[in-house]
Structures are given as structure tokens and as C-alpha cells.
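Asker: Structure in C-alpha cells, see below.
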Amino acid sequence: MIQYTVRRLLSSVPVLLGILVVTFTLARLIPGDPCKAMLGEKATPEVCERFERKFGLDKPIPVQFGIFTANVLRGDLGNSIRFSKPVTIILVERLPTTIELSMAALAIAIMVGIPAGIISAMRHNSPVDVATMVGANLGVSMPVFWLGLMLAYLFALVLRDTPFWLPPSGRLTAGLSATPFYEVYNIALAPESTAFHVAEFFANLYILNSIITKNWVVLVDAIKHLILPAVALSTIPMAIIARMTRSSLLEVLGLDYIRAARAKGVPRLQLIVNHALRNALLPVVTIIGLSLGGLLGGAVLTETIFGLSGVGRILFEAITARDYPIIQAFTLVIAVGYVLINLFVDLSYSYLDPRVRLD
Amino acid sequence: MTTADTFQPVLESLDAEAITTPSESLWRATLRRLLRRSSAVVGLIILGTLLLMAIFAPLIAPYDPEQVLIGIEDVRRREKPCIHLLGCPEDRPQHIMGLDGNVRDLFSRVIYGSRFSLFIGFATVGFAIVVGTFLGATAGFFGGWIDNVIMRIMDVLLAFPALLLAIAIVAVLGPGLINALLAIGIVSIPSYARVMRASVLTVKEQDFIAAERALGASTLRILISNVMPNALTPLVVQGTLGFATAILDAAALSFLGLGAQPPTPEWGSMLGTERNQIFTSPHLVFFPGLMITLTVLGFNLLGDGLRDALDPRLARRSG
């Protein structure tokens, strides 16, 4: 197991190196001059020269790549040209928004998708099954941005005077603020220290922070703000999970050991939960891992629609503003996260199915 | 009991016609199985309608999709849909999907939009299939370091969420429909390369390939006439489902302002330019989005149906 993990990690190295090259190259290939993009078209050559020297843009490209790689390995992702502060700080501010959104979407997708798939498989070819599959087909076919806008229209405008009203944008109602847990519990942290940034990262996960600080008003408000974007983002993975659960469970239900268990008189629900589901979940886990990439792509769109300043949104803005360090760092973080998630999915196989020998 | 007696009942039970007539071709059998699945038929109907809409757009659309109607008719910006049959006064000009922010007939724009979505699908999937199968076939057939280099590059491409990579590529190439298509095409190459490589690997060690080689067939000939047909099934399925993804991604890029540029009547761009009007003129967002959904649904249904029809083993499994 440990040996396999190490080998898998090592085999990820060329891919990670490739990611590094691609992110660096893509950022450099984006046409336009970062100096003009940042300081305006009227920036004089002298000003631009100083600007380029400041951000190391005057050095040859291979040297820039070498510096970039060395810095990344030391955990230094550079300074944002646009915000004039370290990219890591911006990550600490923005990443929690996207993590909260994607996790909520994934949780909804799993909590609805798997039961829907199970019910569909148990009532194979019944109206319930047909309805679920029609719903799943619609779910994978709807553009996230369209669904998001329609949900916002329905819940923020049409239902505005009902208890079902939900806010169409932002993370918290104006005037509310989530006091960081380290302030509430008087945890002394040296400003600008790593511990401080880590604490701030977790404090920016509003839902987690408000649970820790027992601030129920903020918790309810944060959840209300999260529902619409998370539901919009969850439909595609939800539909994929439901379909996969159904077809995988149907396959397992046709196997001999299930027939034997049924002959033995195992109650139907117990048969599904204890006997069939464990085997049927393997491909579902793969699909969940794979859909995380789609979630991050969808997050760009969802964040745009619901006015959330997460990773997706800032990455999109950075591309338009040619803020190289941000583009590099954020695509790098996303791609590395994706590679690690897939590694985790592979490793989880052996837990779910001991027949899968990791060697 | 003689041997003949033993076989007699078996022979009688067989349909005489089935023995004498040659078995139907793969494609006819596939089509027959496809038409038996109601979901695939729904998909075919949706896509057929869409195709007719694209071909006969000038006949169906009551207005030119880019014509600004201000001064021509007594209409206002973003006017709500007016359908005479549903009680809209007869003296008002009929616009069944209303008017957009530039006072153009939305219905006409939506109709013309079908041309773009089909074009987007064909262009990206065509590009990705050609490049992907070439890379996959090369990797699978030659193996060794060639395989390693090609597939590691594919792994790197797959390590990025598709839409984010497409956004980055469009940023490099510059916004515009063709660049957006190229970006989506590039992003979808790895899936075709993988499918093709897997097919080549399963076929290349088989005896009939060795026989071909012994007969003096060139590598290219073997690839085209022996390996390709065996890889066709998964490629057709992947391609049909790829249409759906390509259309969704292209719409997303246009929505973000990176794809088709106004005044092009492309659904994603129409939706993107009016997205801030969602609370005042929801029809401008609703109709283009509905068309994207239906088109993507059509390709998804057809793709699923094709997969089941081309591979009976899978059909049984997914029941």
C-alpha cells in the first residue's frame, strides 16, 4: 500500500512538471504587454522598463522559468502584478470560496444522486426509473450558467415574498460579517506568519468558521447564499452519479452472490445496502473523482453569475488583465489538486474492494 | 436413433431464411437496434428538427437575425414576447420570443443560432477526432518511447479542468468563435487519443494483423484497413457524446465573452450579453438556454443509444 502510494506519487512527477511547463508557457503566450495592461496604454517605455525589472519580466524566458520553478518548490508563488501582494495571500482569500462552493455542490450531488440511482435500479423500468433517467439526462444537458440564472430569477424574484426566497449573489448579507474563530477564541497569532495565514484560510470557510464560533445567524445566512450556486453547480455531477449508480447497481444485482443472498432470505433493503452497494460503488467513486475537475470549471461560470469572488472568477479576471503570477499559480494549484484527487480516488479502490490489488 | 434423427428437431427449429440469407450489415443492425430505444428516437427527432431548422433558417425566421427593428416597427427594447394566438393584440407586431437589447427579433436569432451550434459540434469534434485518432494510433501501434511521450502529454492536458484550459487557450489565441472552437478541440483531443490507443492495443497483437504483415501490408495500410474499423465503435460513441460537451463548452466560452462575438446569433453569446437583464427580461435568457439544453440533450440521448446499439453487451448491462 505505502509502496504503491509512493510509486503513484513518483509517477505523478512528470505530469506535475508538464503542468508547470504548460502553465508557465500559457501565461507567457497570452498576447499583450502586462505593463500596458496594468499601468494603462500611456505608460512610457521608462516606466515599463522599471515595471518589467521589478517583476523579473526583463530576463530571458528560460531564466524566468527557472526562477518560477525554484520559487514554486519553495512555496513562493510570486506577487500579483495587479494587486501588488503575494499570490499565496490571494489564494488564502479566494480559495475558501471555491472550496466551499464545490464541496457543497458535490455533497448535494452525492446525497441526491446516489439515492436516486439506487431507487431507479430497485424499481427498474418503472415510471420512477424512467423519470429519474429523464431528469438525469436533462441534468447533464443544461448549461450551468443558464440553470444558475433561471434559479436566481425563480428564487430571488418570483418567490421574493415567500419563505423560499434566496439571495441571488454574494456570500453574506451586507452588514453581516463572519468574525474569524481565532479572534473569537483569542488565539494569539503573529500577523503575517504562516500560522496566521492558515488560520485565516479556515476562517474564510464561512460555514466551518461560523460552526466553530457558534455564530448561527451567520451560518444560516452563509448557507442561504450558498444554496443557489451550489445547486446550479451540482446538477451535472448529480446526474452522472445517479446514472452510474443505477447501471452499476443493476449489473451487480444480476450476479450470482446476490441471487444466493436473496434465496437465503435477506430482506431487500439490507440486500442492497449491505451486499450490492459496496460492490456497485467502485465506479461511482471514480466518477465522483473525475467530476471534481468539471466542478472547478463550472465554478468559473457559477462564480460569475452569483457574484462570488472565488478562484474561478479571479483566474478569469487575471487572464484578461495578464496578471502572469496569478494565472500561473492558480492553474497550478487547480491542476495539482486535480492530480492529487485522482491519486486519492485510486487509493480508495483498495479500501472499497480488497480484490483490487495495488501493485 | 440415427445421427440425422438427433439433429432433425434442431434443424427444424432454425429459421430456414435466416440460414440462407446473409446476415445484415453492422450498420443496419445497429440502426435497427437504435430505433428500438425510445430515448435514442427522441434524440434523433430533436436533432432532425434542429438540422431542418438550420437548413431552412431563412424560411422559418420572420426577420433577419441582425436586423435592428427600431424605426421599422413600433417596438421597444427588450419587449416581452407577443403571440397573437395567446391574446397579444392583433395590431401589435408578433414576436413570439420577444425582442433583445438591440431591438432584434429573438425568435429569428434563436433559429439562426442552430446553424452555429451544429457547426461548433462538427468543427470541434472533427478536429479532435482527426488529431486524437492519429496520436492515439501512433502511440498504440509503435509503443515504446513514442507512446510514452504522446500519452504523458495527453495526461498533462487531462490534468486541467477542460473549461479552464480552454479559457487559457482562448486567452492566448484571442477571443472569437474560431479560436474558441480550436481551444475546445485541443482540450478534447486526449479522450479520442485514449480510445484509439486502447483499440489499437487490443487489435495489434491478434493473428490477423500478423497475417496481414506476412502478406506484406504496410503499417499505414494495416492501421487504416484493419485497426481503424475495430476502433470505430467507441469513436462513434465518444464523438456523439463529444458533440454535447463541445456545444456546452463553446456556449460557456461565448457566455464569458471569449467565443462568438456580438452580433453573431450564437446562443451562448446571446445569453451572456443579456445575463444582467435576468430580473427584468428573463425571456432573453430563457429561450437561448432552452435551445442549448435541447441540442445537448439530443446528442446525449443519441450517443447513449448508439453506445447500447453498437455494443449489445453494454446494452444488457445498463438494462
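Labels for the C-alpha cells follow display order: chains A, B, ..., residues from 1 in each chain, ligands from 1.
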Run DSSP on the backbone of this structure and report the residues of stretch 74-154 of chain B it assigns to helix (DSSP H, G or I), as a PyMOL selection string.
Answerer: chain B and resi 84-86+106-142+144-154
Asker: Give me the residues near stretch 287-296 of chain A as a list in words, where near means some atom within 9 Å (using only C-alpha atoms) and where sequence neighbours in that chain fewer than 5 positions away do not count.
Answerer: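 Listing them by chain and then by number gives Thr98, Ser102, Ala105, Leu106, Ile110, Leu233, Ser234, Ile236, Pro237, Ile240, Ile241, Met244, Leu282, Val311, Gly312, Ile334, Ala335, Tyr338, Ile341, Asn342, Phe344 and Val345 of chain A; Ala159, Phe160, Pro161, Ala162, Leu163 and Leu164 of chain B.
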Asker: Tell me, counting only C-alpha atoms, for each residue of chain B within 8 Å of chain A, which pair of atoms is nearest and how far apart they are in Å to one decimal, in rows ordered by chain and increasing number, as CSV.
Answerer:
```
residue,atom,partner,partner_atom,distance
B:Arg152,CA,A:Val15,CA,6.7
B:Ile153,CA,A:Gly18,CA,7.5
B:Asp155,CA,A:Val15,CA,6.6
B:Val156,CA,A:Val15,CA,5.4
B:Ala159,CA,A:Ala335,CA,5.5
B:Phe160,CA,A:Ala335,CA,5.1
B:Pro161,CA,A:Gly293,CA,4.7
B:Ala162,CA,A:Gly297,CA,6.9
B:Leu163,CA,A:Gly297,CA,5.1
B:Leu164,CA,A:Gly297,CA,5.5
B:Ile167,CA,A:Phe316,CA,7.7
B:Ala168,CA,A:Leu26,CA,6.9
B:Ile169,CA,A:Leu26,CA,7.2
B:Ala171,CA,A:Ile30,CA,5.8
B:Val172,CA,A:Ile30,CA,4.0
B:Leu173,CA,A:Ile30,CA,7.3
B:Gly174,CA,A:Pro31,CA,7.7
B:Ala244,CA,A:Ser141,CA,7.5
B:Leu248,CA,A:Pro143,CA,6.2
B:Ala251,CA,A:Pro143,CA,8.0
B:Ala252,CA,A:Phe145,CA,7.5
B:Leu256,CA,A:Leu301,CA,7.8
B:Leu271,CA,A:Trp146,CA,7.9
B:Arg275,CA,A:Leu149,CA,7.5
B:Ile278,CA,A:Tyr153,CA,6.5
B:Phe279,CA,A:Tyr153,CA,5.9
B:Pro282,CA,A:Tyr153,CA,7.5
B:Val285,CA,A:Trp146,CA,7.2
B:Phe286,CA,A:Met150,CA,7.3
B:Gly289,CA,A:Trp146,CA,5.6
B:Ile292,CA,A:Pro143,CA,7.3
B:Thr293,CA,A:Met142,CA,4.8
B:Leu294,CA,A:Ser141,CA,7.4
B:Val296,CA,A:Ser141,CA,5.2
B:Leu297,CA,A:Ser141,CA,5.1
B:Asn300,CA,A:Asn137,CA,7.4
B:Leu301,CA,A:Asn137,CA,7.5
B:Arg317,CA,A:Glu251,CA,5.7
B:Ser318,CA,A:Ser247,CA,4.8
B:Gly319,CA,A:Leu250,CA,7.5
```
Asker: Could you pull the residues within 10 Å of A:Pro86, counting only C-alpha atoms, minus those fewer than 3 positions along the same chain, as a list in words?
Answerer: Asp76, Leu77, Gly78, Asn79, Ser80, Ile81, Phe83, Ile89, Ile90, Leu91, Pro325 and Ile326 of chain A
Asker: Pick from A:Leu205, A:Val284, A:Met238, A:Leu166: nearest to A:Phe181, with only C-alpha atoms counted?
Answerer: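 Checking each candidate against A:Phe181, we get A:Leu205 as the closest.
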Asker: Might you pull out every residue within 7 Å of stretch 125-140 of chain B, with only C-alpha atoms counted and same-chain residues fewer than 6 positions away left off, and present them as a list in words?
Answerer: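 Counting only C-alpha atoms, the residues come to Ile146, Asp147, Ile150, Gly185, Ile186, Ser188, Ile189, Pro190, Tyr192, Ala193, Arg194, Met196, Arg197, Val200, Leu201, Gly239, Gly242 and Phe243 of chain B.
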Asker: Keeping only all heavy atoms, write those residues as a compact mmCIF listing (two decimals), in the first residue's frame.
Answerer:
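Final output, saved to part.txt:
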```txt
# COMPACT_ATOMS: atom_id res chain seq x y z
N ILE B 146 7.73 6.56 -28.03
CA ILE B 146 6.74 7.39 -28.74
C ILE B 146 5.43 7.38 -27.94
O ILE B 146 4.82 8.42 -27.67
CB ILE B 146 6.49 6.83 -30.16
CG1 ILE B 146 7.78 6.86 -30.96
CG2 ILE B 146 5.39 7.63 -30.86
CD1 ILE B 146 7.65 6.36 -32.39
N ASP B 147 5.01 6.17 -27.56
CA ASP B 147 3.80 6.01 -26.76
C ASP B 147 3.89 6.82 -25.48
O ASP B 147 2.97 7.56 -25.12
CB ASP B 147 3.65 4.50 -26.45
CG ASP B 147 2.38 4.20 -25.69
OD1 ASP B 147 1.43 4.99 -25.80
OD2 ASP B 147 2.34 3.18 -24.98
N ILE B 150 3.74 10.71 -26.12
CA ILE B 150 2.40 11.18 -26.51
C ILE B 150 1.43 11.07 -25.34
O ILE B 150 0.70 12.02 -25.03
CB ILE B 150 1.88 10.36 -27.72
CG1 ILE B 150 2.73 10.66 -28.96
CG2 ILE B 150 0.40 10.69 -27.98
CD1 ILE B 150 2.30 9.92 -30.19
N GLY B 185 -11.44 22.07 -29.23
CA GLY B 185 -10.90 20.93 -29.98
C GLY B 185 -9.65 20.39 -29.31
O GLY B 185 -9.53 19.19 -29.06
N ILE B 186 -8.72 21.27 -28.99
CA ILE B 186 -7.45 20.85 -28.37
C ILE B 186 -7.73 20.14 -27.04
O ILE B 186 -7.18 19.07 -26.76
CB ILE B 186 -6.53 22.07 -28.12
CG1 ILE B 186 -6.09 22.65 -29.46
CG2 ILE B 186 -5.32 21.68 -27.29
CD1 ILE B 186 -5.31 23.95 -29.35
N SER B 188 -10.27 18.51 -26.16
CA SER B 188 -10.91 17.19 -26.23
C SER B 188 -10.08 16.13 -26.96
O SER B 188 -10.51 14.99 -27.08
CB SER B 188 -12.32 17.30 -26.83
OG SER B 188 -12.36 18.26 -27.83
N ILE B 189 -8.89 16.51 -27.44
CA ILE B 189 -8.04 15.52 -28.12
C ILE B 189 -7.74 14.29 -27.24
O ILE B 189 -7.86 13.16 -27.71
CB ILE B 189 -6.73 16.19 -28.61
CG1 ILE B 189 -7.03 17.11 -29.80
CG2 ILE B 189 -5.69 15.15 -29.01
CD1 ILE B 189 -5.84 17.93 -30.24
N PRO B 190 -7.34 14.50 -25.96
CA PRO B 190 -6.90 13.33 -25.18
C PRO B 190 -7.92 12.19 -25.11
O PRO B 190 -7.54 11.03 -25.18
CB PRO B 190 -6.67 13.91 -23.78
CG PRO B 190 -6.37 15.34 -24.01
CD PRO B 190 -7.18 15.74 -25.19
N TYR B 192 -10.09 11.17 -27.31
CA TYR B 192 -10.08 10.37 -28.54
C TYR B 192 -8.78 9.60 -28.66
O TYR B 192 -8.76 8.45 -29.11
CB TYR B 192 -10.30 11.26 -29.76
CG TYR B 192 -11.63 11.96 -29.73
CD1 TYR B 192 -11.72 13.29 -29.34
CD2 TYR B 192 -12.80 11.28 -30.04
CE1 TYR B 192 -12.95 13.93 -29.27
CE2 TYR B 192 -14.02 11.90 -29.97
CZ TYR B 192 -14.09 13.23 -29.59
OH TYR B 192 -15.30 13.85 -29.51
N ALA B 193 -7.68 10.25 -28.27
CA ALA B 193 -6.39 9.57 -28.36
C ALA B 193 -6.40 8.31 -27.48
O ALA B 193 -5.92 7.26 -27.88
CB ALA B 193 -5.27 10.51 -27.92
N ARG B 194 -6.98 8.43 -26.28
CA ARG B 194 -7.03 7.29 -25.37
C ARG B 194 -7.88 6.16 -25.94
O ARG B 194 -7.48 4.99 -25.89
CB ARG B 194 -7.61 7.72 -24.03
CG ARG B 194 -6.64 8.52 -23.21
CD ARG B 194 -7.13 8.65 -21.82
NE ARG B 194 -6.01 8.86 -20.91
CZ ARG B 194 -6.13 8.88 -19.61
NH1 ARG B 194 -7.31 8.68 -19.05
NH2 ARG B 194 -5.09 9.09 -18.85
N MET B 196 -8.60 5.55 -29.06
CA MET B 196 -7.94 4.97 -30.23
C MET B 196 -6.77 4.08 -29.81
O MET B 196 -6.61 2.97 -30.31
CB MET B 196 -7.44 6.10 -31.13
CG MET B 196 -6.92 5.64 -32.46
SD MET B 196 -8.23 4.89 -33.44
CE MET B 196 -7.26 4.16 -34.74
N ARG B 197 -5.99 4.58 -28.85
CA ARG B 197 -4.82 3.81 -28.40
C ARG B 197 -5.28 2.49 -27.82
O ARG B 197 -4.70 1.43 -28.11
CB ARG B 197 -4.05 4.62 -27.37
CG ARG B 197 -2.87 3.89 -26.78
CD ARG B 197 -2.07 4.79 -25.85
NE ARG B 197 -1.03 4.05 -25.17
CZ ARG B 197 -1.21 3.42 -24.02
NH1 ARG B 197 -2.40 3.43 -23.44
NH2 ARG B 197 -0.22 2.78 -23.45
N VAL B 200 -6.23 0.13 -30.58
CA VAL B 200 -5.06 -0.36 -31.31
C VAL B 200 -4.35 -1.44 -30.50
O VAL B 200 -3.97 -2.48 -31.03
CB VAL B 200 -4.09 0.81 -31.62
CG1 VAL B 200 -2.79 0.29 -32.20
CG2 VAL B 200 -4.74 1.78 -32.57
N LEU B 201 -4.23 -1.20 -29.20
CA LEU B 201 -3.52 -2.16 -28.36
C LEU B 201 -4.22 -3.51 -28.34
O LEU B 201 -3.57 -4.56 -28.36
CB LEU B 201 -3.40 -1.63 -26.93
CG LEU B 201 -2.37 -0.52 -26.73
CD1 LEU B 201 -2.34 -0.09 -25.28
CD2 LEU B 201 -0.99 -0.98 -27.19
N GLY B 239 -17.58 10.37 -30.05
CA GLY B 239 -17.79 11.54 -30.89
C GLY B 239 -19.17 12.15 -30.69
O GLY B 239 -19.31 13.36 -30.57
N GLY B 242 -19.26 13.70 -27.54
CA GLY B 242 -18.35 14.84 -27.63
C GLY B 242 -19.03 16.07 -28.20
O GLY B 242 -18.71 17.20 -27.83
N PHE B 243 -19.97 15.87 -29.14
CA PHE B 243 -20.77 16.97 -29.67
C PHE B 243 -21.41 17.73 -28.51
O PHE B 243 -21.39 18.96 -28.47
CB PHE B 243 -21.90 16.41 -30.56
CG PHE B 243 -21.60 16.47 -32.01
CD1 PHE B 243 -20.83 15.49 -32.61
CD2 PHE B 243 -22.12 17.49 -32.80
CE1 PHE B 243 -20.57 15.52 -33.96
CE2 PHE B 243 -21.86 17.53 -34.15
CZ PHE B 243 -21.09 16.55 -34.74
```
Asker: To one decimal place in Å, what is the distance between atom CA of A:Ala174 and atom CA of A:Glu192?
Answerer: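 The value is 27.2 Å.
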Asker: Hey, can you check how far atom CA of A:Ala70 sits from atom CA of A:Val47?
Answerer: 27.8 Å
